[in-house]
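Data file: work-v9.txt. Format and content: compact mmCIF, C-alpha atoms.
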# COMPACT_ATOMS: atom_id res chain seq x y z
CA MET A 278 29.22 -1.69 98.82
CA ILE A 279 30.64 -1.49 102.34
CA PRO A 280 29.74 1.81 104.05
CA GLN A 281 32.73 4.14 104.55
CA ALA A 282 31.93 4.37 108.26
CA VAL A 283 32.56 0.62 108.50
CA LEU A 284 35.85 0.82 106.58
CA ASN A 285 37.11 3.59 108.87
CA GLU A 286 36.87 1.50 112.06
CA TRP A 287 39.59 -0.54 113.80
CA TYR A 288 39.30 -4.34 113.80
CA PRO A 289 41.35 -7.08 115.54
CA VAL A 290 43.18 -9.30 113.07
CA ALA A 291 45.72 -11.28 115.14
CA MET A 292 47.32 -11.77 118.53
CA ILE A 293 50.68 -9.98 118.59
CA ALA A 294 52.40 -13.08 119.96
CA MET A 295 51.17 -15.16 117.00
CA VAL A 296 52.56 -12.97 114.21
CA GLY A 297 55.56 -14.29 112.32
CA PRO A 298 57.39 -13.58 109.05
CA TRP A 299 55.67 -13.90 105.69
CA PRO A 300 53.28 -15.58 104.97
CA GLY A 301 52.30 -14.79 108.57
CA ARG A 302 48.60 -15.04 109.35
CA GLN A 303 46.47 -15.32 106.21
CA THR A 304 42.94 -14.25 107.09
CA MET A 305 40.02 -12.06 106.01
CA LEU A 306 38.55 -8.71 106.97
CA LEU A 307 35.18 -7.45 105.75
CA GLY A 308 35.10 -10.05 102.98
CA SER A 309 38.61 -9.37 101.65
CA ASP A 310 41.80 -11.39 102.06
CA ILE A 311 44.53 -9.89 104.23
CA ALA A 312 47.93 -10.99 105.51
CA VAL A 313 49.38 -10.12 108.92
CA PHE A 314 53.14 -10.63 109.12
CA LEU A 315 56.46 -9.39 110.45
CA ASP A 316 58.65 -7.37 108.10
CA ALA A 317 62.03 -6.27 109.52
CA GLY A 318 60.59 -6.45 113.02
CA GLU A 319 57.48 -4.41 112.14
CA ILE A 320 53.97 -5.87 112.06
CA VAL A 321 52.40 -5.22 108.67
CA VAL A 322 48.86 -5.85 107.42
CA LYS A 323 48.41 -6.04 103.65
CA GLY A 324 45.30 -6.40 101.55
CA ALA A 325 44.81 -8.74 98.59
CA GLU A 326 46.09 -6.09 96.17
CA GLY A 327 49.21 -5.41 98.21
CA GLN A 328 47.95 -2.23 99.86
CA ARG A 329 49.09 -1.62 103.43
CA LEU A 330 46.37 -1.09 106.03
CA ALA A 331 46.69 1.24 108.99
CA VAL A 332 47.87 -0.74 112.03
CA CYS A 333 47.97 -0.25 115.78
CA LEU A 334 48.98 -2.61 118.57
CA ALA A 335 46.99 -2.78 121.79
CA TYR A 336 45.73 -5.25 124.41
CA GLY A 337 47.92 -8.04 123.05
CA HIS A 338 46.33 -7.79 119.60
CA VAL A 339 47.00 -6.35 116.16
CA TRP A 340 44.32 -3.94 114.97
CA ALA A 341 43.85 -2.90 111.36
CA CYS A 342 41.74 -0.27 109.61
CA PRO A 343 40.96 -0.90 105.91
CA GLY A 344 39.97 2.74 105.35
CA THR A 345 41.10 5.98 106.98
CA PRO A 346 40.87 5.70 110.78
CA ALA A 347 38.02 7.90 112.01
CA HIS A 348 39.47 7.98 115.53
CA PRO A 349 42.14 6.37 117.74
CA LEU A 350 41.49 2.89 119.08
CA PHE A 351 39.26 2.97 122.18
CA PRO A 352 41.09 3.05 125.54
CA ILE A 353 40.96 0.36 128.22
CA PRO A 354 42.76 2.07 131.13
CA GLU A 355 42.75 -1.12 133.21
CA ALA A 356 45.22 -2.66 130.75
CA ASP A 357 47.90 -0.40 132.28
CA GLN A 358 46.83 -0.80 135.90
CA PRO A 359 49.59 -2.23 138.13
CA GLY A 360 48.89 -5.69 139.50
CA ARG A 361 46.48 -6.75 136.77
CA ARG A 362 47.09 -9.93 134.86
CA LEU A 363 46.46 -9.60 131.13
CA VAL A 364 45.17 -12.79 129.52
CA ASP A 365 44.90 -13.35 125.77
CA CYS A 366 42.38 -16.17 125.34
CA GLY A 367 43.01 -17.20 121.75
CA VAL A 368 40.32 -17.11 119.09
CA VAL A 369 37.00 -18.84 118.36
CA ARG A 370 35.48 -18.91 114.85
CA VAL A 371 31.70 -18.49 114.80
CA LYS A 372 29.31 -18.79 111.85
CA CYS A 373 27.29 -15.71 112.69
CA SER A 374 27.15 -11.99 112.07
CA PRO A 375 29.92 -10.16 113.95
CA LEU A 376 27.23 -7.88 115.34
CA ARG A 377 25.30 -10.91 116.65
CA ALA A 378 28.45 -11.98 118.52
CA VAL A 379 28.68 -8.61 120.26
CA GLU A 380 24.97 -8.51 121.08
CA ASN A 381 25.15 -11.99 122.62
CA PHE A 382 27.98 -10.78 124.86
CA LEU A 383 25.65 -8.02 126.10
CA ASP A 384 22.80 -10.40 126.91
CA ILE A 385 22.29 -11.24 130.58
CA ALA A 386 19.07 -13.24 130.39
CA HIS A 387 20.68 -16.30 128.77
CA PHE A 388 23.11 -16.95 131.65
CA PRO A 389 21.01 -19.52 133.61
CA PHE A 390 20.04 -21.44 130.47
CA VAL A 391 23.28 -21.46 128.44
CA HIS A 392 25.91 -21.16 131.20
CA THR A 393 24.05 -23.25 133.76
CA ASP A 394 25.63 -23.50 137.23
CA VAL A 395 28.48 -21.21 136.18
CA LEU A 396 27.23 -17.74 135.21
CA GLY A 397 23.64 -18.45 136.20
CA ALA A 398 21.24 -21.00 137.61
CA GLU A 399 17.53 -21.51 138.12
CA PRO A 400 15.52 -20.22 139.89
CA HIS A 401 17.65 -17.03 139.67
CA THR A 402 16.46 -16.12 136.16
CA GLU A 403 14.98 -12.64 136.53
CA VAL A 404 16.94 -9.70 135.14
CA GLY A 405 16.39 -6.73 137.41
CA ARG A 406 16.14 -3.13 136.29
CA TYR A 407 19.35 -1.55 135.09
CA GLU A 408 20.37 1.63 133.31
CA VAL A 409 21.45 2.05 129.67
CA GLN A 410 22.71 5.13 127.88
CA ILE A 411 24.56 6.16 124.75
CA ARG A 412 27.31 8.38 126.13
CA GLU A 413 27.76 11.24 123.70
CA ASP A 414 31.18 12.29 125.08
CA SER A 415 32.80 8.94 124.28
CA ASP A 416 30.27 7.78 121.64
CA GLU A 417 29.81 4.46 123.43
CA VAL A 418 26.89 2.37 124.69
CA TRP A 419 26.96 1.69 128.47
CA ALA A 420 24.78 -0.48 130.71
CA THR A 421 25.24 0.02 134.45
CA LYS A 422 23.76 -1.19 137.74
CA VAL A 423 23.34 -4.72 136.37
CA HIS A 424 23.09 -7.36 139.12
CA PHE A 425 22.86 -11.12 138.66
CA TYR A 426 23.38 -14.17 140.87
CA GLN A 427 26.20 -16.39 139.62
CA PRO A 428 27.26 -19.80 141.01
CA GLN A 429 30.83 -19.25 139.70
CA ALA A 430 31.40 -15.70 138.54
CA ALA A 431 35.07 -16.33 137.70
CA LYS A 432 37.62 -19.12 137.75
CA SER A 433 38.90 -17.71 141.05
CA ALA A 434 35.46 -17.56 142.70
CA ALA A 435 34.95 -19.92 145.67
CA GLY A 436 31.14 -19.89 145.63
CA GLY A 437 28.01 -18.18 144.40
CA ILE A 438 27.75 -14.39 144.64
CA VAL A 439 25.49 -11.62 143.37
CA THR A 440 27.70 -10.11 140.70
CA GLU A 441 27.51 -6.48 139.57
CA TYR A 442 28.14 -5.81 135.90
CA MET A 443 28.83 -2.82 133.69
CA TYR A 444 28.74 -3.33 129.92
CA ARG A 445 30.50 -1.03 127.48
CA VAL A 446 30.23 -1.16 123.69
CA ALA A 447 33.44 0.62 122.76
CA ALA A 448 33.30 -0.10 119.01
CA PRO A 449 30.84 -1.80 116.65
CA THR A 450 32.65 -5.14 117.02
CA ALA A 451 34.22 -4.76 120.46
CA SER A 452 32.68 -4.82 123.92
CA VAL A 453 34.17 -4.54 127.40
CA LEU A 454 32.57 -6.04 130.51
CA TYR A 455 33.35 -4.89 134.05
CA LYS A 456 32.23 -7.26 136.78
CA THR A 457 32.69 -7.79 140.51
CA CYS A 458 36.18 -9.11 141.27
CA PRO A 459 35.84 -12.06 143.71
CA ASN A 460 39.33 -11.44 145.14
CA ARG A 461 39.10 -7.64 145.41
CA PRO A 462 35.53 -6.37 145.84
CA ASP A 463 36.73 -2.76 145.48
CA GLU A 464 37.94 -3.47 141.94
CA TRP A 465 36.43 -4.75 138.69
CA ASP A 466 37.44 -7.76 136.67
CA VAL A 467 37.65 -6.72 133.02
CA ILE A 468 36.60 -9.11 130.25
CA ALA A 469 36.38 -8.07 126.62
CA ILE A 470 35.62 -9.56 123.25
CA PHE A 471 37.26 -8.22 120.12
CA VAL A 472 35.40 -9.46 117.04
CA GLN A 473 37.04 -9.77 113.62
CA PRO A 474 34.35 -9.62 110.88
CA LEU A 475 35.55 -12.09 108.25
CA THR A 476 32.30 -11.69 106.31
CA GLU A 477 28.81 -10.52 107.21
CA GLU A 478 27.94 -14.04 108.40
CA LEU A 479 31.29 -15.29 109.71
CA CYS A 480 33.54 -13.90 112.40
CA GLU A 481 36.40 -14.71 114.73
CA VAL A 482 36.10 -13.72 118.37
CA TRP A 483 39.15 -12.88 120.47
CA PRO A 484 38.33 -12.94 124.22
CA TRP A 485 40.68 -10.92 126.44
CA MET A 486 40.85 -10.35 130.21
CA ALA A 487 42.53 -8.04 132.73
CA LEU A 488 42.22 -9.69 136.14
CA PHE A 489 43.44 -9.52 139.72
CA ASP A 490 44.32 -13.21 139.99
CA ASP A 491 47.86 -14.33 140.73
CA VAL A 492 46.92 -17.89 141.65
CA THR A 493 45.00 -19.55 138.82
CA PRO A 494 47.22 -21.12 136.14
CA GLN A 495 47.15 -19.30 132.79
CA ALA A 496 45.86 -22.38 130.98
CA ASP A 497 42.92 -22.65 133.39
CA LEU A 498 41.95 -19.01 132.89
CA ILE A 499 42.00 -19.43 129.12
CA GLN A 500 40.10 -22.73 129.28
CA PHE A 501 37.40 -21.22 131.49
CA GLN A 502 36.80 -18.28 129.18
CA GLN A 503 36.83 -20.41 126.04
CA MET A 504 34.38 -22.84 127.65
CA ILE A 505 31.97 -19.96 128.24
CA PHE A 506 32.21 -18.74 124.68
CA LEU A 507 31.95 -22.19 123.14
CA GLN A 508 28.66 -22.59 125.01
CA ASP A 509 27.50 -19.40 123.30
CA ARG A 510 28.63 -20.53 119.86
CA SER A 511 25.93 -23.17 119.41
CA ILE A 512 23.27 -20.53 120.17
CA LEU A 513 24.81 -17.93 117.88
CA GLU A 514 25.12 -20.29 114.93
CA ASN A 515 21.42 -21.13 115.06
CA GLN A 516 19.98 -17.63 115.30
CA ILE A 517 17.55 -16.57 112.58
CA PRO A 518 17.87 -14.24 110.75
CA ARG A 519 21.63 -14.63 110.51
CA LEU A 520 22.16 -10.89 110.13
CA LEU A 521 21.35 -8.63 113.09
CA PRO A 522 17.97 -6.91 112.47
CA LEU A 523 18.11 -3.14 112.94
CA ASP A 524 14.41 -2.76 112.14
CA PRO A 525 12.77 -2.32 115.58
CA GLY A 526 9.72 -4.33 114.50
CA LYS A 527 11.63 -7.47 113.50
CA GLU A 528 12.16 -8.94 116.98
CA ILE A 529 10.17 -8.36 120.17
CA PRO A 530 12.36 -6.96 122.98
CA THR A 531 11.84 -7.36 126.72
CA GLN A 532 13.02 -5.40 129.75
CA ALA A 533 16.23 -7.45 129.72
CA ASP A 534 17.02 -6.30 126.16
CA LEU A 535 17.59 -2.60 126.87
CA THR A 536 21.30 -2.83 126.05
CA SER A 537 20.60 -4.61 122.75
CA ILE A 538 18.05 -1.96 121.79
CA ALA A 539 20.55 0.83 122.46
CA TYR A 540 23.30 -1.04 120.57
CA ARG A 541 21.11 -1.49 117.49
CA ARG A 542 20.00 2.14 117.58
CA TRP A 543 23.65 3.26 117.90
CA LEU A 544 24.76 1.08 114.96
CA LYS A 545 21.97 2.37 112.73
CA ARG A 546 22.64 6.01 113.63
CA LYS A 547 26.34 5.66 112.79
CA GLY A 548 25.84 3.68 109.59
CA LEU A 549 27.76 0.68 110.99
CA THR A 550 25.61 -1.83 109.19
CA TYR A 551 28.07 -4.55 108.07
CA GLY A 552 26.49 -7.76 109.39
CA ALA A 553 23.10 -6.11 109.87
CA GLN A 554 19.70 -6.58 108.27
CA MET A 555 18.27 -3.17 107.55
CA VAL A 556 14.76 -4.05 106.38
CA ALA A 557 12.41 -6.68 107.79
CA ALA A 558 12.20 -9.69 105.48

Would you write the structure of this file as structure tokens?
Amino acid sequence: MIPQAVLNEWYPVAMIAMVGPWPGRQTMLLGSDIAVFLDAGEIVVKGAEGQRLAVCLAYGHVWACPGTPAHPLFPIPEADQPGRRLVDCGVVRVKCSPLRAVENFLDIAHFPFVHTDVLGAEPHTEVGRYEVQIREDSDEVWATKVHFYQPQAAKSAAGGIVTEYMYRVAAPTASVLYKTCPNRPDEWDVIAIFVQPLTEELCEVWPWMALFDDVTPQADLIQFQQMIFLQDRSILENQIPRLLPLDPGKEIPTQADLTSIAYRRWLKRKGLTYGAQMVAA
């Protein structure tokens, strides 16, 4: 039985630009078949039994709620900021828990070893102290004051810089990253992942960006971001256990794992356990 709290969340199910007339996009959400299609100019999401799901359109994507929406979709104000370039980066299918995909996005320590000479490099492997909190006003997990040396922080970066990060878990399967903008140090580049939980052990990840970059070709921006995530995929698909453990004794955390600890605690408190392992095996 899927917890009602899980059913009442919003999930990405398609890129708006990809949706066409019936049969449209045939896919899955939380283990059930769904169809995303255009009907008289309106985007519709239907379940396997013909029921219509609640739909909203935002950030270039179609979002669906299989239950009764508990709240509006989370805001990303930068999506409406003049001068930003919004980049839909397609989709990557990953054989892992959707919660594992989000937690990997929050992990800083793997940069030098998985994204070598791009997002990290030896000997710059130490994760310094940073701050993590569950913000009660927005009901989100935030990590701030994160600093890490990166040889190429973005496609537009000309050389290595110490990059500042802020991580935001805006929904159980969506996270937004704010990082130093190489072109405009007074602004943040915004990179997000929207994760569609197909099943508890299979998901599709939709990367999305809002950048100040008028020079780099669109195809290069998309290729760069997909390259980063494809490097992560091999790690994600080999993690054991496949479901994300919420039992604090199952895996041994380090100082670098403060965001993951807060994320797991937040999921457990809210009953958002689809893709999670509740009891140590």

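Residue nearest Glu408 (chain A) within the list A:Thr536, A:Arg542, A:Met305, A:Tyr551: A:Thr536 [criterion: smallest interatomic distance, only C-alpha atoms].
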
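Among A:Phe506, A:Phe314, A:Trp543, A:Phe489, the residue with the shortest atom-to-atom distance to Leu363 (chain A), counting only C-alpha atoms, is A:Phe489.
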
Legend entry - Residue contacts of Ala539 (chain A) (12 Å, only C-alpha atoms) excluding same-chain residues fewer than 2 positions away, as a PyMOL selection string: chain A and resi 380+383+408-412+416-420+444-446+523+525+530+533-537+541-546

Would you mind exporting the chosen residues as a PDB file, in the coordinates of the input, restricted to C-alpha atoms?
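Everything below was put into result.pdb:
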ATOM      1  CA  GLU A 380      24.970  -8.510 121.080  1.00  0.00           C
ATOM      2  CA  LEU A 383      25.650  -8.020 126.100  1.00  0.00           C
ATOM      3  CA  GLU A 408      20.370   1.630 133.310  1.00  0.00           C
ATOM      4  CA  VAL A 409      21.450   2.050 129.670  1.00  0.00           C
ATOM      5  CA  GLN A 410      22.710   5.130 127.880  1.00  0.00           C
ATOM      6  CA  ILE A 411      24.560   6.160 124.750  1.00  0.00           C
ATOM      7  CA  ARG A 412      27.310   8.380 126.130  1.00  0.00           C
ATOM      8  CA  ASP A 416      30.270   7.780 121.640  1.00  0.00           C
ATOM      9  CA  GLU A 417      29.810   4.460 123.430  1.00  0.00           C
ATOM     10  CA  VAL A 418      26.890   2.370 124.690  1.00  0.00           C
ATOM     11  CA  TRP A 419      26.960   1.690 128.470  1.00  0.00           C
ATOM     12  CA  ALA A 420      24.780  -0.480 130.710  1.00  0.00           C
ATOM     13  CA  TYR A 444      28.740  -3.330 129.920  1.00  0.00           C
ATOM     14  CA  ARG A 445      30.500  -1.030 127.480  1.00  0.00           C
ATOM     15  CA  VAL A 446      30.230  -1.160 123.690  1.00  0.00           C
ATOM     16  CA  LEU A 523      18.110  -3.140 112.940  1.00  0.00           C
ATOM     17  CA  PRO A 525      12.770  -2.320 115.580  1.00  0.00           C
ATOM     18  CA  PRO A 530      12.360  -6.960 122.980  1.00  0.00           C
ATOM     19  CA  ALA A 533      16.230  -7.450 129.720  1.00  0.00           C
ATOM     20  CA  ASP A 534      17.020  -6.300 126.160  1.00  0.00           C
ATOM     21  CA  LEU A 535      17.590  -2.600 126.870  1.00  0.00           C
ATOM     22  CA  THR A 536      21.300  -2.830 126.050  1.00  0.00           C
ATOM     23  CA  SER A 537      20.600  -4.610 122.750  1.00  0.00           C
ATOM     24  CA  ARG A 541      21.110  -1.490 117.490  1.00  0.00           C
ATOM     25  CA  ARG A 542      20.000   2.140 117.580  1.00  0.00           C
ATOM     26  CA  TRP A 543      23.650   3.260 117.900  1.00  0.00           C
ATOM     27  CA  LEU A 544      24.760   1.080 114.960  1.00  0.00           C
ATOM     28  CA  LYS A 545      21.970   2.370 112.730  1.00  0.00           C
ATOM     29  CA  ARG A 546      22.640   6.010 113.630  1.00  0.00           C
TER      30      ARG A 546
END

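For the choices A:Cys458, A:Ala451, A:Val423, A:Val321, the atom-to-atom distance to Ile470 (chain A) is smallest for A:Ala451 when using all atoms listed in the file.
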
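Compared by their closest atoms to Arg377 (chain A), and using only C-alpha atoms, the residues A:Gln500, A:Asp357, A:Leu284, A:Pro449 rank with A:Pro449 nearest.
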
Name all residues at most 10 Å from Pro280 (chain A) (count only C-alpha atoms; drop same-chain ones fewer than 3 positions away) and give them as a PDB file with C-alpha atoms, in the coordinates of the input.
ATOM      1  CA  VAL A 283      32.560   0.620 108.500  1.00  0.00           C
ATOM      2  CA  LEU A 284      35.850   0.820 106.580  1.00  0.00           C
ATOM      3  CA  ASN A 285      37.110   3.590 108.870  1.00  0.00           C
ATOM      4  CA  GLY A 548      25.840   3.680 109.590  1.00  0.00           C
ATOM      5  CA  LEU A 549      27.760   0.680 110.990  1.00  0.00           C
ATOM      6  CA  THR A 550      25.610  -1.830 109.190  1.00  0.00           C
ATOM      7  CA  TYR A 551      28.070  -4.550 108.070  1.00  0.00           C
TER       8      TYR A 551
END

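Nearest-residue note for His348 (chain A): choosing from A:Val492, A:Cys333, A:Ile311, A:Met443, the minimum distance belongs to A:Cys333, counting all atoms listed in the file.
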
Legend entry - Residue among A:Phe471, A:Tyr426, A:Phe382, A:Tyr455 lying closest to Pro484 (chain A), counting all atoms listed in the file: A:Phe471

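Put simply, CA of Val369 (chain A) is 15.1 Å away from CA of Met486 (chain A).
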
Legend entry - Selection as a list in words: residues within 12 Å of (44.3, 2.8, 112.6), counting all atoms listed in the file: Leu284, Asn285, Glu286, Trp287, Tyr288, Pro289, Val322, Arg329, Leu330, Ala331, Val332, Cys333, Leu334, Ala335, Val339, Trp340, Ala341, Cys342, Pro343, Gly344, Thr345, Pro346, Ala347, His348, Pro349, Leu350 and Phe351 of chain A

Inset, instruction - Using CA of Thr457 (chain A) and CA of Leu521 (chain A) as the two end points, give the distance in Å to one decimal. - result: 29.7 Å

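Our summary of the geometry notes that CA of Leu475 (chain A) is positioned 28.2 Å from CA of Glu355 (chain A).
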